[in-house]
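Pasting entry.tsv here (TSV, C-alpha atoms and all ligand atoms):
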```tsv
chain	number	residue	atom	x	y	z
M	1	MET	CA	0.00	0.00	0.00
M	2	ASP	CA	1.32	3.41	-0.88
M	3	CYS	CA	0.40	6.66	0.89
M	4	ARG	CA	-2.33	7.55	-1.59
M	5	ASN	CA	-4.11	4.19	-1.18
M	6	VAL	CA	-3.83	4.46	2.56
M	7	LYS	CA	-5.32	7.94	2.75
M	8	GLU	CA	-8.31	6.85	0.74
M	9	LEU	CA	-9.09	4.27	3.41
M	10	PHE	CA	-8.86	6.57	6.44
M	11	SER	CA	-12.54	7.39	6.55
M	12	GLU	CA	-13.62	3.76	6.54
M	13	TYR	CA	-10.85	2.92	8.94
M	14	ILE	CA	-12.25	5.45	11.43
M	15	ASP	CA	-15.70	3.91	10.99
M	16	GLY	CA	-14.25	0.50	11.68
M	17	SER	CA	-15.66	-0.83	8.47
M	18	LEU	CA	-12.48	-2.07	6.80
M	19	GLY	CA	-11.96	-5.76	6.30
M	20	GLU	CA	-9.34	-7.55	8.37
M	21	ILE	CA	-6.71	-7.66	5.62
M	22	GLU	CA	-7.06	-4.01	4.60
M	23	ARG	CA	-7.06	-2.86	8.19
M	24	LYS	CA	-3.86	-4.72	8.99
M	25	ALA	CA	-2.13	-3.42	5.87
M	26	LEU	CA	-3.18	0.11	6.77
M	27	GLU	CA	-2.01	-0.16	10.36
M	28	ASN	CA	1.24	-1.59	9.16
M	29	HIS	CA	1.71	1.40	6.88
M	30	LEU	CA	0.85	3.84	9.68
M	31	GLU	CA	3.53	2.34	11.89
M	32	ASN	CA	6.15	3.08	9.27
M	33	CYS	CA	4.92	6.37	7.82
M	34	ALA	CA	4.90	9.41	10.08
M	35	ASN	CA	3.19	11.51	7.45
M	36	CYS	CA	0.14	9.28	7.12
M	37	ARG	CA	0.06	8.74	10.87
M	38	ALA	CA	-0.16	12.49	11.44
M	39	GLU	CA	-2.92	12.87	8.92
M	40	CYS	CA	-4.91	9.98	10.32
M	41	ASP	CA	-4.50	11.41	13.83
M	42	SER	CA	-5.80	14.81	12.86
M	43	LEU	CA	-8.77	13.24	11.07
M	44	LEU	CA	-9.50	11.31	14.25
M	45	ASP	CA	-9.04	14.40	16.42
M	46	SER	CA	-11.46	16.53	14.45
M	47	TRP	CA	-13.96	13.68	14.29
M	48	GLU	CA	-13.71	13.28	18.06
M	49	MET	CA	-14.06	17.00	18.57
M	50	LEU	CA	-17.54	16.88	17.01
M	51	THR	CA	-18.71	15.19	20.21
M	52	ASP	CA	-18.68	18.60	21.87
M	53	PHE	CA	-21.47	19.98	19.67
M	54	ALA	CA	-24.05	20.24	22.43
M	55	VAL	CA	-27.77	20.34	21.77
M	56	PRO	CA	-30.17	21.88	24.30
M	57	PRO	CA	-33.00	19.63	25.48
M	58	VAL	CA	-36.31	20.04	23.63
M	59	GLY	CA	-38.90	22.19	25.35
M	60	ASP	CA	-41.07	20.32	27.84
M	61	GLN	CA	-44.14	21.31	25.81
M	62	PHE	CA	-42.78	19.66	22.68
M	63	THR	CA	-45.06	16.63	22.55
M	64	ARG	CA	-48.11	18.65	23.59
M	65	GLN	CA	-47.42	21.17	20.83
M	66	VAL	CA	-47.06	18.40	18.26
M	67	MET	CA	-50.41	16.95	19.33
M	68	GLN	CA	-51.96	20.38	19.15
M	69	LYS	CA	-50.70	20.90	15.59
M	70	VAL	CA	-51.99	17.48	14.61
M	71	ASN	CA	-55.40	18.17	16.11
M	72	ASN	CA	-55.62	21.64	14.57
M	73	ARG	CA	-54.92	20.29	11.17
M	74	SER	CA	-57.08	17.20	11.29
M	75	SER	CA	-60.15	19.16	12.43
M	76	GLN	CA	-60.02	21.46	9.42
M	77	PRO	CA	-62.95	21.15	7.03
M	78	VAL	CA	-62.28	19.06	3.93
M	79	VAL	CA	-62.47	21.95	1.46
M	80	SER	CA	-59.98	24.14	3.25
M	81	ASP	CA	-57.73	21.12	3.76
M	82	TRP	CA	-57.79	20.51	0.03
M	83	PHE	CA	-57.08	24.17	-0.55
M	84	SER	CA	-54.16	24.31	1.86
M	85	ARG	CA	-52.71	21.22	0.17
M	86	LEU	CA	-52.94	22.97	-3.15
M	87	VAL	CA	-51.22	25.99	-1.67
M	88	ALA	CA	-48.59	23.69	-0.16
M	89	ILE	CA	-47.95	22.14	-3.56
M	90	PHE	CA	-47.34	25.53	-5.06
M	91	SER	CA	-45.32	26.92	-2.19
M	92	LEU	CA	-43.28	23.72	-1.95
M	93	ARG	CA	-41.14	25.09	-4.68
M	94	GLN	CA	-41.60	28.74	-5.40
M	95	ILE	CA	-40.09	28.49	-8.87
M	96	SER	CA	-42.48	25.86	-10.09
M	97	ALA	CA	-45.37	27.99	-8.88
M	98	VAL	CA	-44.35	30.65	-11.39
M	99	PRO	CA	-44.77	28.50	-14.53
M	100	ALA	CA	-47.89	26.94	-13.04
M	101	LEU	CA	-49.45	30.33	-12.48
M	102	ALA	CA	-48.15	31.54	-15.83
M	103	SER	CA	-49.74	28.53	-17.49
M	104	LEU	CA	-52.97	29.25	-15.68
M	105	VAL	CA	-52.92	32.84	-16.89
M	106	VAL	CA	-52.18	31.73	-20.45
M	107	LEU	CA	-54.95	29.16	-20.27
M	108	ILE	CA	-57.44	31.74	-19.10
M	109	GLY	CA	-56.18	34.03	-21.83
M	110	ILE	CA	-56.66	31.36	-24.47
M	111	GLY	CA	-60.11	30.59	-23.15
M	112	TYR	CA	-60.91	34.25	-23.42
M	113	PHE	CA	-59.73	34.39	-27.04
M	114	ILE	CA	-61.69	31.32	-27.99
M	115	LEU	CA	-64.82	32.64	-26.38
M	116	SER	CA	-64.42	36.07	-27.88
M	117	GLY	CA	-63.22	34.63	-31.20
M	118	ARG	CA	-60.05	36.71	-31.42
M	119	PRO	CA	-56.91	34.68	-32.30
M	120	ALA	CA	-54.53	37.65	-32.16
M	121	GLY	CA	-51.97	37.64	-29.38
M	122	ILE	CA	-51.60	33.87	-29.07
M	123	ALA	CA	-48.18	33.79	-30.72
M	124	GLU	CA	-46.87	36.34	-28.30
M	125	ARG	CA	-48.17	34.40	-25.33
M	126	ASN	CA	-46.64	31.18	-26.57
M	127	GLY	CA	-43.31	32.94	-26.78
M	128	ILE	CA	-43.45	33.64	-23.08
M	129	ASP	CA	-44.66	30.17	-22.34
M	130	SER	CA	-41.80	28.32	-24.06
M	131	THR	CA	-39.22	30.09	-21.92
M	132	ARG	CA	-41.22	29.13	-18.87
M	133	LYS	CA	-41.26	25.52	-19.99
M	134	PHE	CA	-37.50	25.60	-20.33
M	135	GLU	CA	-37.27	26.83	-16.77
M	136	VAL	CA	-39.27	23.88	-15.50
M	137	VAL	CA	-37.08	21.35	-17.27
M	138	ARG	CA	-33.80	22.91	-16.23
M	139	ASP	CA	-35.11	23.15	-12.74
M	140	LEU	CA	-35.97	19.48	-12.56
M	141	ARG	CA	-32.64	18.35	-13.90
M	142	ASP	CA	-30.43	20.55	-11.82
M	143	GLU	CA	-32.10	20.68	-8.48
M	144	GLU	CA	-30.71	18.13	-6.13
M	145	ILE	CA	-33.67	18.55	-3.87
M	146	ILE	CA	-36.01	17.00	-6.40
M	147	ARG	CA	-33.94	13.85	-6.43
M	148	ASP	CA	-33.83	13.84	-2.68
M	149	LEU	CA	-37.48	14.34	-1.98
M	150	GLU	CA	-39.22	11.08	-1.28
M	151	ILE	CA	-42.42	9.38	-0.29
M	152	TYR	CA	-45.33	11.76	-0.25
M	153	GLU	CA	-43.28	14.81	-1.14
M	154	ASN	CA	-42.61	12.97	-4.36
M	155	ALA	CA	-46.30	12.46	-4.81
M	156	GLU	CA	-46.90	16.15	-4.32
M	157	ILE	CA	-44.39	17.08	-6.97
M	158	LEU	CA	-45.83	14.56	-9.37
M	159	GLU	CA	-49.25	16.03	-8.76
M	160	ASN	CA	-47.80	19.42	-9.41
M	161	LEU	CA	-46.15	18.18	-12.59
M	162	ASP	CA	-49.33	16.49	-13.72
M	163	LEU	CA	-51.14	19.75	-13.29
M	164	LEU	CA	-48.47	21.60	-15.26
M	165	MET	CA	-48.45	19.04	-18.00
M	166	ASP	CA	-52.22	19.06	-18.24
M	167	LEU	CA	-52.21	22.81	-18.53
M	168	GLU	CA	-49.44	22.78	-21.08
M	169	ALA	CA	-51.02	20.01	-23.11
M	170	VAL	CA	-54.19	22.06	-23.36
M	171	GLU	CA	-52.10	25.05	-24.38
M	172	SER	CA	-50.20	23.28	-27.16
M	173	PHE	CA	-53.43	21.73	-28.36
M	174	GLU	CA	-54.99	25.14	-28.54
M	175	ALA	CA	-51.88	26.62	-30.15
M	176	ALA	CA	-51.79	23.92	-32.84
M	177	ASP	CA	-55.37	24.69	-33.72
P	1	MET	CA	-45.31	1.83	14.73
P	2	LEU	CA	-47.86	-0.66	13.44
P	3	GLN	CA	-50.00	0.15	16.43
P	4	PHE	CA	-49.77	3.82	15.61
P	5	GLN	CA	-50.59	3.15	11.99
P	6	GLN	CA	-53.90	1.77	13.18
P	7	GLY	CA	-54.65	5.19	14.60
P	8	ASP	CA	-53.70	4.87	18.23
P	9	GLU	CA	-52.98	8.39	19.44
P	10	ALA	CA	-51.37	7.28	22.67
P	11	SER	CA	-48.77	5.28	20.82
P	12	PHE	CA	-48.09	8.25	18.57
P	13	ARG	CA	-47.41	10.28	21.68
P	14	THR	CA	-44.99	7.61	22.86
P	15	LEU	CA	-43.32	7.69	19.48
P	16	VAL	CA	-42.85	11.46	19.68
P	17	ASP	CA	-41.42	11.16	23.17
P	18	ARG	CA	-39.04	8.48	22.05
P	19	TYR	CA	-37.69	10.30	19.02
P	20	LYS	CA	-38.07	14.00	19.78
P	21	GLN	CA	-34.61	14.65	21.21
P	22	ARG	CA	-32.86	12.78	18.39
P	23	ILE	CA	-34.84	14.50	15.67
P	24	TYR	CA	-34.45	17.89	17.30
P	25	ALA	CA	-30.70	17.32	17.61
P	26	PHE	CA	-30.62	16.57	13.90
P	27	THR	CA	-32.60	19.65	12.82
P	28	TYR	CA	-30.73	21.83	15.31
P	29	ARG	CA	-27.34	20.77	14.00
P	30	PHE	CA	-28.33	20.65	10.37
P	31	LEU	CA	-29.86	24.12	10.51
P	32	ASN	CA	-26.82	25.54	12.25
P	33	ARG	CA	-28.53	26.07	15.62
P	34	SER	CA	-31.42	27.99	14.12
P	35	PRO	CA	-34.11	29.01	16.62
P	36	GLU	CA	-36.60	27.47	14.19
P	37	ALA	CA	-35.07	24.01	14.58
P	38	GLU	CA	-37.53	22.99	17.30
P	39	ASP	CA	-40.54	24.09	15.30
P	40	ILE	CA	-39.24	22.18	12.30
P	41	ALA	CA	-38.69	19.09	14.44
P	42	GLN	CA	-42.34	19.38	15.52
P	43	GLU	CA	-43.39	19.64	11.89
P	44	VAL	CA	-41.49	16.41	11.22
P	45	PHE	CA	-43.75	14.60	13.67
P	46	VAL	CA	-46.86	16.23	12.26
P	47	LYS	CA	-45.79	14.93	8.85
P	48	VAL	CA	-45.13	11.51	10.33
P	49	TYR	CA	-48.67	11.55	11.69
P	50	PHE	CA	-50.35	12.53	8.46
P	51	SER	CA	-48.27	10.33	6.21
P	52	ARG	CA	-48.33	7.28	8.45
P	53	ASP	CA	-50.13	5.33	5.74
P	54	THR	CA	-47.12	5.63	3.44
P	55	TYR	CA	-44.87	3.91	5.96
P	56	ARG	CA	-43.92	0.40	4.87
P	57	PRO	CA	-43.17	-2.02	7.68
P	58	THR	CA	-40.24	-3.31	5.62
P	59	ALA	CA	-38.38	-0.05	6.17
P	60	LYS	CA	-36.88	0.73	9.53
P	61	PHE	CA	-39.09	3.30	11.22
P	62	SER	CA	-36.16	5.48	12.29
P	63	THR	CA	-34.91	5.59	8.70
P	64	TRP	CA	-38.30	6.79	7.55
P	65	VAL	CA	-38.40	9.50	10.23
P	66	TYR	CA	-34.97	10.67	9.15
P	67	VAL	CA	-36.04	10.87	5.52
P	68	ILE	CA	-38.86	13.16	6.58
P	69	SER	CA	-36.48	15.16	8.79
P	70	LYS	CA	-34.01	15.55	5.97
P	71	ASN	CA	-36.68	16.81	3.61
P	72	ALA	CA	-38.03	19.18	6.25
P	73	CYS	CA	-34.55	20.60	6.81
P	74	LEU	CA	-33.87	21.06	3.10
P	75	GLN	CA	-37.18	22.82	2.65
P	76	ALA	CA	-36.53	24.99	5.69
P	77	LEU	CA	-33.13	25.96	4.33
P	78	LYS	CA	-34.73	27.05	1.08
P	79	LYS	CA	-37.34	29.06	2.92
P	80	MET	CA	-34.81	30.67	5.21
P	81	GLY	CA	-32.75	31.74	2.23
P	82	SER	CA	-29.46	33.29	3.15
P	83	ASN	CA	-27.49	31.98	6.08
P	84	VAL	CA	-26.67	35.50	7.14
P	85	SER	CA	-30.09	36.31	8.49
P	86	MET	CA	-30.16	32.96	10.24
P	87	ASN	CA	-26.90	33.64	12.02
P	88	GLU	CA	-28.09	37.05	13.08
P	89	ARG	CA	-31.21	35.67	14.65
P	90	ARG	CA	-29.22	32.93	16.28
P	91	SER	CA	-27.07	35.25	18.33
P	92	ASP	CA	-30.17	36.46	20.22
P	93	THR	CA	-30.87	33.00	21.54
P	94	ASP	CA	-27.34	32.03	22.45
P	95	LEU	CA	-27.61	33.24	26.02
P	96	GLU	CA	-30.96	31.59	26.43
P	97	MET	CA	-29.43	28.40	25.17
P	98	VAL	CA	-26.59	28.51	27.66
P	99	GLU	CA	-29.30	28.58	30.31
P	100	THR	CA	-31.12	25.57	28.91
P	101	ILE	CA	-27.99	23.48	28.67
P	102	ALA	CA	-27.77	23.83	32.45
P	103	GLY	CA	-29.78	20.67	33.06
P	104	SER	CA	-27.13	18.56	31.41
P	105	GLY	CA	-24.87	17.99	34.40
P	106	ASP	CA	-22.10	20.47	35.15
P	107	ASP	CA	-23.13	23.47	37.20
P	108	ASN	CA	-19.97	25.40	36.54
P	109	PRO	CA	-21.03	28.43	34.47
P	110	SER	CA	-17.60	29.10	32.97
P	111	GLU	CA	-17.37	25.51	31.82
P	112	ARG	CA	-20.78	25.80	30.28
P	113	LEU	CA	-19.73	28.94	28.43
P	114	LEU	CA	-16.66	27.14	27.21
P	115	ASN	CA	-18.81	24.26	25.96
P	116	ASP	CA	-21.05	26.70	24.19
P	117	GLU	CA	-18.06	28.33	22.55
P	118	LYS	CA	-16.85	24.95	21.39
P	119	SER	CA	-20.29	24.09	20.05
P	120	GLY	CA	-20.17	27.34	18.13
P	121	GLN	CA	-16.84	26.50	16.56
P	122	ILE	CA	-18.04	23.06	15.53
P	123	ALA	CA	-21.34	24.45	14.28
P	124	ASP	CA	-19.51	26.97	12.14
P	125	ALA	CA	-17.24	24.30	10.70
P	126	ILE	CA	-20.17	21.99	9.92
P	127	SER	CA	-22.17	24.81	8.37
P	128	ARG	CA	-19.38	25.34	5.85
P	129	LEU	CA	-19.90	21.86	4.41
P	130	PRO	CA	-22.11	21.34	1.36
P	131	GLU	CA	-25.53	19.99	2.35
P	132	SER	CA	-24.92	16.40	1.31
P	133	GLN	CA	-21.59	16.16	3.14
P	134	LYS	CA	-23.13	17.79	6.19
P	135	MET	CA	-25.94	15.25	6.13
P	136	ALA	CA	-23.50	12.34	5.90
P	137	VAL	CA	-21.36	13.67	8.74
P	138	LEU	CA	-24.34	14.26	11.04
P	139	LEU	CA	-25.97	10.88	10.43
P	140	LYS	CA	-22.70	9.07	11.01
P	141	ARG	CA	-21.34	11.08	13.90
P	142	TYR	CA	-24.43	11.71	15.98
P	143	ASP	CA	-26.86	9.01	14.91
P	144	GLN	CA	-24.33	6.22	14.45
P	145	MET	CA	-26.02	5.06	11.25
P	146	SER	CA	-24.58	2.34	9.06
P	147	TYR	CA	-23.62	3.19	5.49
P	148	GLU	CA	-26.67	1.28	4.29
P	149	GLU	CA	-29.07	3.23	6.49
P	150	MET	CA	-27.47	6.49	5.43
P	151	ALA	CA	-27.81	5.52	1.78
P	152	GLU	CA	-31.50	4.89	2.35
P	153	VAL	CA	-32.05	8.19	4.14
P	154	MET	CA	-30.03	10.16	1.64
P	155	ASN	CA	-31.41	8.31	-1.35
P	156	CYS	CA	-28.02	7.51	-2.84
P	157	SER	CA	-25.61	4.58	-3.14
P	158	VAL	CA	-23.42	3.26	-0.34
P	159	GLN	CA	-20.44	4.27	-2.44
P	160	SER	CA	-21.68	7.88	-2.54
P	161	VAL	CA	-22.17	7.82	1.21
P	162	LYS	CA	-18.57	6.73	1.71
P	163	SER	CA	-17.30	9.38	-0.64
P	164	LEU	CA	-19.37	12.13	1.00
P	165	LEU	CA	-18.12	11.09	4.42
P	166	PHE	CA	-14.55	11.03	3.18
P	167	ARG	CA	-14.81	14.54	1.79
P	168	GLY	CA	-16.76	15.85	4.77
P	169	ARG	CA	-14.20	14.52	7.20
P	170	SER	CA	-11.27	15.92	5.25
P	171	ALA	CA	-12.89	19.34	5.08
P	172	LEU	CA	-13.72	19.34	8.80
P	173	LYS	CA	-10.16	18.38	9.61
P	174	GLU	CA	-9.01	21.54	7.84
P	175	TYR	CA	-11.71	23.78	9.34
P	176	LEU	CA	-11.12	22.57	12.88
P	177	LYS	CA	-7.34	22.32	12.71
P	178	GLU	CA	-6.68	25.62	14.45
P	179	TYR	CA	-8.92	24.75	17.39
P	180	PHE	CA	-7.45	21.50	18.47
P	181	ARG	CA	-3.96	22.82	18.05
P	182	GLU	CA	-4.66	25.37	20.77
P	183	ASP	CA	-5.30	22.67	23.38
Z	201	ZN	ZN	2.18	7.09	4.10
```
Go ahead and render the structure in this file as structure tokens.
Ligand SMILES: [Zn+2]
Amino acid sequence: MDCRNVKELFSEYIDGSLGEIERKALENHLENCANCRAECDSLLDSWEMLTDFAVPPVGDQFTRQVMQKVNNRSSQPVVSDWFSRLVAIFSLRQISAVPALASLVVLIGIGYFILSGRPAGIAERNGIDSTRKFEVVRDLRDEEIIRDLEIYENAEILENLDLLMDLEAVESFEAAD
Amino acid sequence: MLQFQQGDEASFRTLVDRYKQRIYAFTYRFLNRSPEAEDIAQEVFVKVYFSRDTYRPTAKFSTWVYVISKNACLQALKKMGSNVSMNERRSDTDLEMVETIAGSGDDNPSERLLNDEKSGQIADAISRLPESQKMAVLLKRYDQMSYEEMAEVMNCSVQSVKSLLFRGRSALKEYLKEYFRED
């Protein structure tokens, strides 16, 4: 084992998760290499130092407050619960609320044109819309948080996406007309 | 957990009591001692309550709670925006916090202040880490999770977990160097 190999194993060595053979080879190297020994020691020191990050005890009302929040929210009428979920979906990610709202505006606009029979202005609106669409895609690809969100948060985003896609499908359908 | 899934409020209360300090410690450390950490920890349990039907008995309950905690913290960070305002608000509660730590054993006020100072140094070092490295360090150091559990919570491979820990540790070693040399 050379120094570079050894250093790569330090982290797992500290966690005690190295296999017997690797561990012995590493310890053997440490005995003979002051440089690596020093580095391993300072990794251990700083890791040990983290123990001193104290956390105050939770407030003694913690559990009661949780129960209160649960009760407040479960006693809400169905409609307002549905509404607050919708709001939560939009506020979950501020950026995605922008295209969603933009789509909504465009949709209403298109509806207005259809009803009033005036096709002018659609091209201009689609121009705005395609940049918005680009934002959504870039956002999804780049944002680590999307990948990290799980379980029902995932479901919320999918719902949000479904809504967006529905709106956009209607838009492109209307635009193609 | 299965009991609670069937709607037993008393067992939910027990669950909160059992996990509250651990989850609060996680949000408190992840959010760099933000005064909102306790409220966010409470929200974690509210989410646990309302999403209890999505819990699969095959997953370890604690892992599931940590997934929710992680998501709550990431969302909170986004909402809070810049760290600057968070640090400013934090300084108001520091004294208060020194008081609350009192219950933890030593009654020597100067020692307590010293501990608080040390906590501050560590908090600052940890807050300099990128979110994913910070997460890995916290779950390993304070929650003693296995690589596999961490991978599940962080939704990545075991190999990524190892690499994040490696980088997190190396960075912390540099950030904390000056402090342990003083001793
Ligand atoms: Zn060496």
Counting all atoms listed in the file, which of M:Val58, M:Cys3, M:Met67, M:Leu50 gets nearest to Asn32 in chain M?
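Comparing M:Val58, M:Cys3, M:Met67, M:Leu50 against Asn32 in chain M, the winner is M:Cys3.
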Can you measure CA of Val153 in chain P to CA of Pro57 in chain P for me? One decimal in Å is fine.
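Distance between the two atoms: 15.5 Å.
Selecting chain M residues within 7 Å of chain P and counting all atoms listed in the file yields Ser11, Ser42, Leu43, Ser46, Leu50, Asp52, Phe53, Ala54, Val55, Pro56, Pro57, Val58, Thr63, Val66, Lys69, Val70, Asp148 and Leu149 of chain M.
Taking CA of Ser157 in chain P and CA of Ser69 in chain P as the two end points, the separation is 19.3 Å.
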For the contact check between chain M and ligand ZN 201 (chain Z), emit one row per residue of chain M within 9 Å, containing the shortest atom pair and the distance in Å rounded to one decimal, counting all atoms listed in the file, chain then rising number order, as a Markdown table.
```
| residue | atom | partner | partner_atom | distance |
| --- | --- | --- | --- | --- |
| M:Met1 | CA | Z:ZN201 | ZN | 8.5 |
| M:Asp2 | CA | Z:ZN201 | ZN | 6.3 |
| M:Cys3 | CA | Z:ZN201 | ZN | 3.7 |
| M:Arg4 | CA | Z:ZN201 | ZN | 7.3 |
| M:Asn5 | CA | Z:ZN201 | ZN | 8.7 |
| M:Val6 | CA | Z:ZN201 | ZN | 6.7 |
| M:Lys7 | CA | Z:ZN201 | ZN | 7.7 |
| M:His29 | CA | Z:ZN201 | ZN | 6.4 |
| M:Leu30 | CA | Z:ZN201 | ZN | 6.6 |
| M:Asn32 | CA | Z:ZN201 | ZN | 7.7 |
| M:Cys33 | CA | Z:ZN201 | ZN | 4.7 |
| M:Ala34 | CA | Z:ZN201 | ZN | 7.0 |
| M:Asn35 | CA | Z:ZN201 | ZN | 5.6 |
| M:Cys36 | CA | Z:ZN201 | ZN | 4.3 |
| M:Arg37 | CA | Z:ZN201 | ZN | 7.3 |
```
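Between CA of Arg18 in chain P and CA of Leu31 in chain P lies a distance of 21.5 Å.
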May I have the centre and edge lengths, in Å to one decimal, of an axis-aligned box around the listed atoms of range 43-49 of chain P with 8 Å added to every side, as lines of an AutoDock Vina configuration file?
```
center_x = -45.1
center_y = 15.6
center_z = 11.3
size_x = 23.2
size_y = 24.1
size_z = 20.8
```
Skip Met135 in chain P itself and residues of its chain fewer than 4 positions away, then list as a ChimeraX atom specification all residues within 8 Å of it, counting all atoms listed in the file.
/P:30,131,139,154
Keeping only C-alpha atoms, write the selected residues as a PDB file, in the frame of the given file.
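The result, written out as selection-v4.pdb:
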```pdb
ATOM      1  CA  PHE P  30     -28.330  20.650  10.370  1.00  0.00           C
ATOM      2  CA  GLU P 131     -25.530  19.990   2.350  1.00  0.00           C
ATOM      3  CA  LEU P 139     -25.970  10.880  10.430  1.00  0.00           C
ATOM      4  CA  MET P 154     -30.030  10.160   1.640  1.00  0.00           C
TER       5      MET P 154
END
```
Using only C-alpha atoms: which of P:Asp124, P:Leu113, P:Glu149, P:Gly81 has the shortest distance to Ala136 in chain P
P:Glu149
Here is a test: counting only C-alpha atoms, which residue of P:Cys73, P:Gln133, P:Thr63, P:Met80 is nearest to Met145 in chain P?
P:Thr63
